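Participant: Quick one, run_5.cif (mmCIF, C-alpha atoms):
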```cif
data_query
loop_
_atom_site.group_PDB
_atom_site.id
_atom_site.type_symbol
_atom_site.label_atom_id
_atom_site.label_comp_id
_atom_site.auth_asym_id
_atom_site.auth_seq_id
_atom_site.Cartn_x
_atom_site.Cartn_y
_atom_site.Cartn_z
ATOM 1 C CA MET A 1 0.000 0.000 0.000
ATOM 2 C CA ALA A 2 2.834 2.345 0.875
ATOM 3 C CA ASP A 3 4.549 1.788 -2.460
ATOM 4 C CA LEU A 4 1.266 2.439 -4.311
ATOM 5 C CA SER A 5 0.690 5.695 -2.458
ATOM 6 C CA ARG A 6 4.225 6.778 -3.220
ATOM 7 C CA ALA A 7 3.679 6.005 -6.907
ATOM 8 C CA HIS A 8 0.568 8.205 -6.936
ATOM 9 C CA ILE A 9 2.466 11.049 -5.294
ATOM 10 C CA GLU A 10 5.224 10.786 -7.907
ATOM 11 C CA ALA A 11 2.647 10.770 -10.713
ATOM 12 C CA PHE A 12 1.038 13.881 -9.206
ATOM 13 C CA LEU A 13 4.395 15.680 -9.013
ATOM 14 C CA GLU A 14 5.154 14.773 -12.645
ATOM 15 C CA MET A 15 1.796 16.228 -13.695
ATOM 16 C CA MET A 16 2.423 19.433 -11.734
ATOM 17 C CA SER A 17 5.797 19.807 -13.407
ATOM 18 C CA ALA A 18 4.808 18.902 -16.976
ATOM 19 C CA GLU A 19 1.305 20.382 -17.219
ATOM 20 C CA ARG A 20 1.322 23.173 -14.655
ATOM 21 C CA GLY A 21 4.957 24.204 -14.938
ATOM 22 C CA ALA A 22 5.380 24.189 -11.165
ATOM 23 C CA ALA A 23 8.736 25.482 -9.951
ATOM 24 C CA GLY A 24 11.246 23.235 -8.234
ATOM 25 C CA ASN A 25 10.618 24.768 -4.814
ATOM 26 C CA THR A 26 6.875 24.270 -5.223
ATOM 27 C CA LEU A 27 7.349 20.626 -6.177
ATOM 28 C CA SER A 28 9.644 20.041 -3.208
ATOM 29 C CA SER A 29 7.091 21.642 -0.904
ATOM 30 C CA TYR A 30 4.264 19.473 -2.284
ATOM 31 C CA GLU A 31 6.406 16.358 -1.992
ATOM 32 C CA GLY A 32 7.312 17.043 1.633
ATOM 33 C CA ASP A 33 3.729 17.835 2.580
ATOM 34 C CA LEU A 34 2.307 14.741 0.926
ATOM 35 C CA GLU A 35 4.973 12.463 2.372
ATOM 36 C CA ASP A 36 4.166 13.829 5.825
ATOM 37 C CA LEU A 37 0.473 13.127 5.191
ATOM 38 C CA GLN A 38 1.287 9.619 3.967
ATOM 39 C CA SER A 39 3.303 8.860 7.130
ATOM 40 C CA PHE A 40 0.416 9.990 9.345
ATOM 41 C CA LEU A 41 -2.115 7.931 7.393
ATOM 42 C CA LEU A 42 0.065 4.805 7.475
ATOM 43 C CA ALA A 43 0.332 5.156 11.264
ATOM 44 C CA SER A 44 -3.485 5.318 11.272
ATOM 45 C CA LYS A 45 -3.604 2.076 9.224
ATOM 46 C CA THR A 46 -4.860 3.659 6.018
ATOM 47 C CA SER A 47 -3.295 5.161 2.896
ATOM 48 C CA ALA A 48 -3.431 8.349 0.877
ATOM 49 C CA LEU A 49 -5.505 6.569 -1.770
ATOM 50 C CA ALA A 50 -8.039 5.135 0.705
ATOM 51 C CA ALA A 51 -8.205 8.048 3.172
ATOM 52 C CA GLN A 52 -11.587 9.558 4.005
ATOM 53 C CA SER A 53 -12.429 13.121 5.014
ATOM 54 C CA SER A 54 -12.326 12.100 8.694
ATOM 55 C CA ASN A 55 -8.736 10.858 8.276
ATOM 56 C CA LEU A 56 -7.643 14.093 6.632
ATOM 57 C CA SER A 57 -9.445 16.171 9.256
ATOM 58 C CA ALA A 58 -7.627 14.176 11.942
ATOM 59 C CA TYR A 59 -4.349 14.982 10.183
ATOM 60 C CA LEU A 60 -5.079 18.706 10.293
ATOM 61 C CA ALA A 61 -5.959 18.431 13.973
ATOM 62 C CA HIS A 62 -2.667 16.594 14.496
ATOM 63 C CA LEU A 63 -0.798 19.466 12.841
ATOM 64 C CA GLY A 64 -2.506 21.948 15.138
ATOM 65 C CA ALA A 65 -1.611 19.865 18.193
ATOM 66 C CA GLN A 66 2.000 19.787 16.988
ATOM 67 C CA GLY A 67 2.082 23.564 17.027
ATOM 68 C CA PHE A 68 1.952 24.243 13.283
ATOM 69 C CA ALA A 69 0.798 27.767 12.501
ATOM 70 C CA ALA A 70 -2.508 28.217 10.695
ATOM 71 C CA SER A 71 -0.596 29.387 7.606
ATOM 72 C CA SER A 72 1.449 26.167 7.558
ATOM 73 C CA GLN A 73 -1.681 24.066 7.990
ATOM 74 C CA ALA A 74 -3.341 25.970 5.127
ATOM 75 C CA ARG A 75 -0.363 25.267 2.874
ATOM 76 C CA LYS A 76 -0.514 21.545 3.628
ATOM 77 C CA LEU A 77 -4.261 21.535 3.025
ATOM 78 C CA SER A 78 -3.666 23.210 -0.340
ATOM 79 C CA ALA A 79 -1.253 20.412 -1.294
ATOM 80 C CA MET A 80 -3.828 17.836 -0.212
ATOM 81 C CA ARG A 81 -6.558 19.496 -2.288
ATOM 82 C CA GLN A 82 -4.383 19.528 -5.407
ATOM 83 C CA PHE A 83 -3.385 15.903 -4.870
ATOM 84 C CA TYR A 84 -6.938 14.586 -4.411
ATOM 85 C CA LYS A 85 -8.244 16.614 -7.357
ATOM 86 C CA PHE A 86 -5.561 14.855 -9.401
ATOM 87 C CA LEU A 87 -6.617 11.413 -8.118
ATOM 88 C CA TYR A 88 -10.258 12.200 -8.929
ATOM 89 C CA ALA A 89 -9.412 13.507 -12.416
ATOM 90 C CA GLU A 90 -7.368 10.380 -13.134
ATOM 91 C CA GLY A 91 -10.227 8.098 -12.064
ATOM 92 C CA LEU A 92 -8.227 6.750 -9.131
ATOM 93 C CA ARG A 93 -10.898 7.935 -6.705
ATOM 94 C CA GLY A 94 -14.592 8.508 -7.141
ATOM 95 C CA ASP A 95 -14.693 11.440 -4.737
ATOM 96 C CA ASP A 96 -12.610 14.302 -3.363
ATOM 97 C CA PRO A 97 -12.327 13.904 0.442
ATOM 98 C CA THR A 98 -10.893 17.406 0.820
ATOM 99 C CA ALA A 99 -14.047 19.082 -0.542
ATOM 100 C CA ILE A 100 -15.696 19.387 2.881
ATOM 101 C CA LEU A 101 -12.575 20.326 4.825
ATOM 102 C CA ASP A 102 -12.410 23.867 6.197
ATOM 103 C CA ALA A 103 -9.213 25.854 5.958
ATOM 104 C CA PRO A 104 -7.687 26.592 9.371
ATOM 105 C CA LYS A 105 -8.508 30.086 10.552
ATOM 106 C CA LYS A 106 -5.568 32.419 10.546
ATOM 107 C CA GLY A 107 -5.262 34.640 13.562
ATOM 108 C CA ARG A 108 -5.310 38.292 12.694
ATOM 109 C CA SER A 109 -2.044 39.850 13.779
ATOM 110 C CA LEU A 110 -2.230 43.013 15.808
ATOM 111 C CA PRO A 111 -0.942 46.122 14.087
ATOM 112 C CA LYS A 112 2.458 47.447 15.139
ATOM 113 C CA ILE A 113 2.152 50.847 16.725
ATOM 114 C CA MET A 114 4.297 53.499 18.346
ATOM 115 C CA SER A 115 3.687 54.823 21.828
ATOM 116 C CA GLU A 116 2.554 58.409 22.248
ATOM 117 C CA ASP A 117 5.931 59.189 23.837
ATOM 118 C CA ASP A 118 7.804 57.807 20.828
ATOM 119 C CA VAL A 119 5.664 59.806 18.385
ATOM 120 C CA THR A 120 6.233 62.958 20.426
ATOM 121 C CA ARG A 121 9.946 62.301 20.494
ATOM 122 C CA LEU A 122 10.059 61.773 16.735
ATOM 123 C CA LEU A 123 8.052 64.912 15.950
ATOM 124 C CA GLU A 124 10.055 67.083 18.328
ATOM 125 C CA PHE A 125 13.326 65.858 16.847
ATOM 126 C CA ALA A 126 12.043 66.480 13.310
ATOM 127 C CA ALA A 127 11.008 70.013 14.361
ATOM 128 C CA ARG A 128 14.477 70.746 15.751
ATOM 129 C CA GLU A 129 16.109 69.558 12.538
ATOM 130 C CA ALA A 130 13.662 71.583 10.429
ATOM 131 C CA ALA A 131 14.515 74.743 12.365
ATOM 132 C CA ASP A 132 18.160 74.493 11.280
ATOM 133 C CA PRO A 133 18.610 77.077 8.484
ATOM 134 C CA GLY A 134 21.575 75.218 7.028
ATOM 135 C CA PRO A 135 21.795 73.386 3.688
ATOM 136 C CA ASP A 136 18.922 71.048 2.737
ATOM 137 C CA GLN A 137 16.481 72.782 5.055
ATOM 138 C CA LEU A 138 13.764 72.203 2.473
ATOM 139 C CA ALA A 139 14.145 68.440 2.859
ATOM 140 C CA ARG A 140 13.958 68.728 6.648
ATOM 141 C CA LEU A 141 10.885 70.971 6.488
ATOM 142 C CA ARG A 142 9.339 68.503 4.068
ATOM 143 C CA MET A 143 9.920 65.634 6.497
ATOM 144 C CA LEU A 144 8.335 67.574 9.335
ATOM 145 C CA ALA A 145 5.309 68.438 7.179
ATOM 146 C CA LEU A 146 4.959 64.794 6.102
ATOM 147 C CA LEU A 147 5.069 63.524 9.675
ATOM 148 C CA GLU A 148 2.700 66.141 11.066
ATOM 149 C CA LEU A 149 0.184 65.440 8.298
ATOM 150 C CA LEU A 150 0.508 61.687 8.706
ATOM 151 C CA TYR A 151 0.001 61.698 12.460
ATOM 152 C CA ALA A 152 -2.751 64.331 12.309
ATOM 153 C CA THR A 153 -4.822 62.510 9.686
ATOM 154 C CA GLY A 154 -3.767 58.838 9.607
ATOM 155 C CA MET A 155 -3.886 58.934 5.823
ATOM 156 C CA ARG A 156 -2.317 56.186 3.747
ATOM 157 C CA VAL A 157 1.241 56.893 2.657
ATOM 158 C CA SER A 158 0.177 56.815 -1.004
ATOM 159 C CA GLU A 159 -2.443 59.477 -0.241
ATOM 160 C CA LEU A 160 0.076 61.567 1.664
ATOM 161 C CA VAL A 161 2.894 61.733 -0.882
ATOM 162 C CA SER A 162 0.470 62.434 -3.748
ATOM 163 C CA LEU A 163 -1.272 65.417 -2.143
ATOM 164 C CA PRO A 164 -1.812 68.237 -4.655
ATOM 165 C CA VAL A 165 -0.098 71.600 -4.181
ATOM 166 C CA LYS A 166 -3.502 73.295 -3.876
ATOM 167 C CA VAL A 167 -3.456 72.051 -0.274
ATOM 168 C CA LEU A 168 -1.327 75.143 0.410
ATOM 169 C CA ASP A 169 -4.203 77.399 -0.649
ATOM 170 C CA GLN A 170 -6.717 75.797 1.686
ATOM 171 C CA GLU A 171 -7.688 77.659 4.809
ATOM 172 C CA GLY A 172 -9.189 76.179 7.920
ATOM 173 C CA ARG A 173 -8.653 73.080 9.968
ATOM 174 C CA PHE A 174 -9.773 70.416 7.491
ATOM 175 C CA LEU A 175 -8.231 68.595 4.562
ATOM 176 C CA VAL A 176 -9.982 66.746 1.756
ATOM 177 C CA ILE A 177 -8.269 63.433 0.956
ATOM 178 C CA ARG A 178 -8.944 61.429 -2.182
ATOM 179 C CA GLY A 179 -8.519 57.781 -1.248
ATOM 180 C CA LYS A 180 -9.224 54.308 -2.592
ATOM 181 C CA GLY A 181 -11.917 54.091 -5.234
ATOM 182 C CA ASN A 182 -11.505 57.815 -5.832
ATOM 183 C CA LYS A 183 -13.598 58.437 -2.712
ATOM 184 C CA GLU A 184 -13.125 61.684 -0.842
ATOM 185 C CA ARG A 185 -13.141 62.107 2.911
ATOM 186 C CA LEU A 186 -12.742 65.106 5.183
ATOM 187 C CA VAL A 187 -10.153 64.938 7.964
ATOM 188 C CA PRO A 188 -9.243 67.550 10.587
ATOM 189 C CA LEU A 189 -5.737 68.997 10.833
ATOM 190 C CA SER A 190 -3.865 69.767 14.027
ATOM 191 C CA ARG A 191 -2.458 73.249 14.584
ATOM 192 C CA SER A 192 1.066 71.862 14.437
ATOM 193 C CA ALA A 193 0.328 70.188 11.077
ATOM 194 C CA ILE A 194 -1.038 73.447 9.654
ATOM 195 C CA ALA A 195 2.052 75.327 10.855
ATOM 196 C CA ALA A 196 4.457 72.697 9.493
ATOM 197 C CA VAL A 197 2.795 72.692 6.065
ATOM 198 C CA ALA A 198 2.823 76.499 5.948
ATOM 199 C CA SER A 199 6.537 76.689 6.803
ATOM 200 C CA TYR A 200 7.368 74.030 4.263
ATOM 201 C CA GLY A 201 5.188 75.689 1.624
ATOM 202 C CA GLU A 202 6.981 79.020 1.919
ATOM 203 C CA VAL A 203 10.460 77.515 1.483
ATOM 204 C CA ARG A 204 9.120 75.242 -1.259
ATOM 205 C CA ARG A 205 7.772 78.275 -3.166
ATOM 206 C CA LEU A 206 11.135 80.018 -3.044
ATOM 207 C CA ALA A 207 13.007 76.857 -4.116
ATOM 208 C CA LEU A 208 10.739 76.311 -7.138
ATOM 209 C CA ALA A 209 10.525 79.968 -8.161
ATOM 210 C CA LYS A 210 13.214 79.537 -10.814
ATOM 211 C CA THR A 211 12.514 76.003 -12.022
ATOM 212 C CA GLY A 212 8.738 76.280 -12.190
ATOM 213 C CA ASP A 213 6.082 74.969 -9.840
ATOM 214 C CA SER A 214 4.769 71.421 -9.622
ATOM 215 C CA PRO A 215 1.158 70.246 -9.241
ATOM 216 C CA TRP A 216 2.252 68.147 -6.258
ATOM 217 C CA LEU A 217 2.773 69.297 -2.680
ATOM 218 C CA PHE A 218 5.840 67.063 -2.368
ATOM 219 C CA PRO A 219 7.381 67.177 -5.871
ATOM 220 C CA SER A 220 10.074 64.819 -7.080
ATOM 221 C CA ALA A 221 12.087 64.226 -10.231
ATOM 222 C CA GLY A 222 10.744 60.662 -10.402
ATOM 223 C CA LYS A 223 8.342 59.414 -13.043
ATOM 224 C CA GLU A 224 5.247 60.002 -10.884
ATOM 225 C CA GLY A 225 6.243 63.599 -10.263
ATOM 226 C CA TYR A 226 5.796 63.327 -6.497
ATOM 227 C CA LEU A 227 7.848 61.908 -3.657
ATOM 228 C CA PRO A 228 8.057 58.093 -3.912
ATOM 229 C CA ARG A 229 6.671 56.429 -0.802
ATOM 230 C CA GLN A 230 9.776 54.231 -0.613
ATOM 231 C CA VAL A 231 11.965 57.339 -0.329
ATOM 232 C CA PHE A 232 9.772 58.715 2.439
ATOM 233 C CA ALA A 233 9.911 55.378 4.296
ATOM 234 C CA ARG A 234 13.706 55.280 3.973
ATOM 235 C CA ASP A 235 14.119 58.865 5.175
ATOM 236 C CA LEU A 236 11.733 58.225 8.067
ATOM 237 C CA LYS A 237 13.872 55.348 9.294
ATOM 238 C CA GLY A 238 16.940 57.586 9.098
ATOM 239 C CA LEU A 239 15.182 60.243 11.157
ATOM 240 C CA ALA A 240 14.046 57.659 13.713
ATOM 241 C CA ALA A 241 17.601 56.392 14.123
ATOM 242 C CA ARG A 242 18.891 59.945 14.663
ATOM 243 C CA ALA A 243 16.159 60.484 17.249
ATOM 244 C CA GLY A 244 17.351 57.434 19.174
ATOM 245 C CA LEU A 245 14.372 55.244 18.262
ATOM 246 C CA ARG A 246 14.450 51.710 16.861
ATOM 247 C CA ALA A 247 14.291 52.415 13.127
ATOM 248 C CA ALA A 248 13.247 48.868 12.194
ATOM 249 C CA ALA A 249 10.003 49.293 14.148
ATOM 250 C CA ILE A 250 8.989 52.575 12.503
ATOM 251 C CA SER A 251 7.401 53.130 9.097
ATOM 252 C CA PRO A 252 4.703 55.356 7.594
ATOM 253 C CA HIS A 253 2.179 52.529 8.021
ATOM 254 C CA VAL A 254 3.125 52.098 11.683
ATOM 255 C CA MET A 255 2.437 55.810 12.211
ATOM 256 C CA ARG A 256 -0.973 55.370 10.569
ATOM 257 C CA HIS A 257 -1.661 52.591 13.069
ATOM 258 C CA ALA A 258 -0.447 54.853 15.883
ATOM 259 C CA PHE A 259 -2.885 57.561 14.783
ATOM 260 C CA ALA A 260 -5.822 55.147 15.021
ATOM 261 C CA SER A 261 -4.749 53.474 18.250
ATOM 262 C CA HIS A 262 -4.018 56.732 20.052
ATOM 263 C CA LEU A 263 -7.434 58.102 19.091
ATOM 264 C CA LEU A 264 -9.149 55.015 20.511
ATOM 265 C CA GLN A 265 -7.029 55.072 23.648
ATOM 266 C CA ASN A 266 -8.186 58.625 24.250
ATOM 267 C CA GLY A 267 -11.879 57.902 23.824
ATOM 268 C CA ALA A 268 -12.647 58.142 20.088
ATOM 269 C CA ASP A 269 -15.471 56.045 18.653
ATOM 270 C CA LEU A 270 -14.521 53.151 16.365
ATOM 271 C CA ARG A 271 -16.895 54.407 13.642
ATOM 272 C CA VAL A 272 -15.213 57.813 13.666
ATOM 273 C CA VAL A 273 -11.796 56.182 13.308
ATOM 274 C CA GLN A 274 -13.169 54.121 10.412
ATOM 275 C CA GLU A 275 -14.195 57.318 8.604
ATOM 276 C CA LEU A 276 -10.893 59.041 9.256
ATOM 277 C CA LEU A 277 -8.872 56.056 8.006
ATOM 278 C CA GLY A 278 -11.009 55.721 4.884
ATOM 279 C CA HIS A 279 -12.006 52.112 5.592
ATOM 280 C CA SER A 280 -15.085 51.115 3.605
ATOM 281 C CA ASP A 281 -15.866 48.268 6.017
ATOM 282 C CA ILE A 282 -15.857 48.467 9.821
ATOM 283 C CA SER A 283 -14.333 44.966 9.948
ATOM 284 C CA THR A 284 -11.062 46.416 8.655
ATOM 285 C CA THR A 285 -10.981 48.927 11.500
ATOM 286 C CA GLN A 286 -11.699 46.207 14.049
ATOM 287 C CA ILE A 287 -8.030 45.204 14.122
ATOM 288 C CA TYR A 288 -7.819 47.981 16.705
ATOM 289 C CA THR A 289 -10.389 46.455 19.042
ATOM 290 C CA HIS A 290 -7.597 45.241 21.320
ATOM 291 C CA VAL A 291 -7.127 48.910 22.191
ATOM 292 C CA LEU A 292 -10.840 49.278 22.959
ATOM 293 C CA GLU A 293 -10.832 46.109 25.048
ATOM 294 C CA GLU A 294 -7.997 47.423 27.201
ATOM 295 C CA ARG A 295 -9.722 50.790 27.643
ATOM 296 C CA LEU A 296 -13.018 49.127 28.569
ATOM 297 C CA ARG A 297 -11.214 46.927 31.090
ATOM 298 C CA GLU A 298 -9.686 50.008 32.688
ATOM 299 C CA LEU A 299 -13.095 51.747 32.781
ATOM 300 C CA VAL A 300 -14.690 48.770 34.508
ATOM 301 C CA GLN A 301 -11.857 48.472 37.001
ATOM 302 C CA THR A 302 -12.059 52.195 37.749
ATOM 303 C CA HIS A 303 -15.803 52.808 37.843
ATOM 304 C CA HIS A 304 -17.711 49.565 38.464
ATOM 305 C CA PRO A 305 -19.003 49.341 42.083
ATOM 306 C CA LEU A 306 -17.967 45.705 42.511
ATOM 307 C CA ALA A 307 -14.485 46.466 41.230
ATOM 308 C CA LYS A 308 -14.206 49.301 43.746
ATOM 309 C CA GLN A 309 -15.320 46.990 46.551
ATOM 310 C CA ALA A 310 -12.680 44.452 45.541
ATOM 311 C CA LYS A 311 -10.023 47.134 45.782
ATOM 312 C CA ASN A 312 -11.280 48.337 49.168
ATOM 313 C CA PRO A 313 -12.500 45.290 51.140
ATOM 314 C CA ASP A 314 -13.877 45.879 54.592
#
```
The structure in this file should be written as structure tokens.

Facilitator:
Amino acid sequence: MADLSRAHIEAFLEMMSAERGAAGNTLSSYEGDLEDLQSFLLASKTSALAAQSSNLSAYLAHLGAQGFAASSQARKLSAMRQFYKFLYAEGLRGDDPTAILDAPKKGRSLPKIMSEDDVTRLLEFAAREAADPGPDQLARLRMLALLELLYATGMRVSELVSLPVKVLDQEGRFLVIRGKGNKERLVPLSRSAIAAVASYGEVRRLALAKTGDSPWLFPSAGKEGYLPRQVFARDLKGLAARAGLRAAAISPHVMRHAFASHLLQNGADLRVVQELLGHSDISTTQIYTHVLEERLRELVQTHHPLAKQAKNPD
């Protein structure tokens, strides 16, 4: 039985190589996964060819008990599905036992964020550098404006770097952002963001007076005409390192997460944060519910009568 199962696995791998053009690494991965499955089934006194859905479900449960991550289990299930579809197509089985198997649920990783102290430290350091009138002050003022806008609005980095220059002509405390699906949303600006953009805009105007203006707030010589997000991310890490922060843990996207998390920590409603982030579905914003859960726990511990009694027993 073992030899027969092995022959079917080899035939499957040959098909994947010849007909699907699977790469060598993919074939090796399939082979390892199917051999692991075969070993489990043999120990359960069955074979890959004779296995039923219950046997394959038991194998997935075995993987979970062994500590395999949901992503690893999903990969092995994918190999199993391909293999049994092949057996069915070749007439070697009259059914596909993987058809009713559910993919293991992947845990949703919590977003990386910065503390309020770290954000303050970064912004204050950027402000000190921007105040230096020496060479390349425009670049330092640009970085400060980028950071203030990012932390004030939580906009996506692609939305930030592609802001039009007409932003400089806007008055008031709000900014219109054109996001995914060409949808517009209104976000408030902090006083420090308004000041940083104004300072940058003045030096920008003088720098471009001779070469001609650009339609972009953060112009660049690149093909898009505005600052590439990769350049901003690189420069942000450099700034973080100079500020004494761990550069590897800081990125424009991490600051967007910090914006959302800090709002929730300070009492903002999840629906409001959804609107500000430009999420079309509340489920996307719910990655921040761990922040809400912690805040609710603190509220209960602080204000609930029973919690107070527990703290102050007679």

Participant: Of the residues A:Lys85, A:Leu37, A:Leu77, A:Leu146, which is the one nearest to A:Met16, using only C-alpha atoms?

Facilitator: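 So, comparing all the options, the nearest one is A:Lys85.
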
Participant: Can you tell me which residues surround A:Ser78 at a distance of at most 10 Å, considering all atoms listed in the file, apart from same-chain residues fewer than 5 positions away, and format the answer as a PyMOL selection string?

Facilitator: chain A and resi 30+33+72-73+83+98+103

Participant: Can you work out which one of A:Ala193, A:Val187, A:Leu122, A:Val203 has the shortest atom-to-atom distance to A:Lys237, counting all atoms listed in the file?

Facilitator: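 So, comparing all the options, the nearest one is A:Leu122.
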
Participant: For a quick check of understanding, using all atoms listed in the file, which of A:Lys76, A:His257, A:Arg156, A:Arg142 has the smallest distance to A:Ala130?

Facilitator: A:Arg142

Participant: Name all residues at most 9 Å from A:Arg271 (count all atoms listed in the file; drop same-chain ones fewer than 4 positions away) and give them as a list in words.

Facilitator: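 Once the nearby chain positions are removed, what remains is Glu275, Leu276, Ile282 and Thr285 of chain A.
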
Participant: Within 12 Å of (5.5, 62.4, -10.0) (coordinates as in the file), grab all the protein and nucleic acid residues, counting all atoms listed in the file, and write them out as a list in words.

Facilitator: Ser158, Val161, Ser162, Leu163, Pro164, Ser214, Pro215, Trp216, Leu217, Phe218, Pro219, Ser220, Ala221, Gly222, Lys223, Glu224, Gly225, Tyr226, Leu227, Pro228 and Arg229 of chain A

Participant: Of the candidates A:Arg6, A:Ala99, A:Ser199, A:Gly267, which shows the shortest atom-to-atom distance to A:Gln52, using all atoms listed in the file?

Facilitator: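 Closest residue, counting all atoms listed in the file: A:Ala99.
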
Participant: List the spatial neighbours of A:Ala241 as a ChimeraX atom specification - criterion: any atom at most 12 Å away, all atoms listed in the file, same-chain residues fewer than 2 positions off excluded.

Facilitator: /A:118,121-122,125-126,234-239,243-251

Participant: Suppose you want the space between atom CA of A:Gly64 and atom CA of A:Asp102; what is it in Å?

Facilitator: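 Interatomic distance here is 13.5 Å.
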
Participant: For the file shown, what are the residues hit by the PyMOL selection byres ((chain A and resi 80) around 12), laid out as an MDAnalysis selection string?

Facilitator: chainID A and resid 9 12 29:38 48:49 51 53 56:57 59:60 73:79 81:87 96:99 101 103
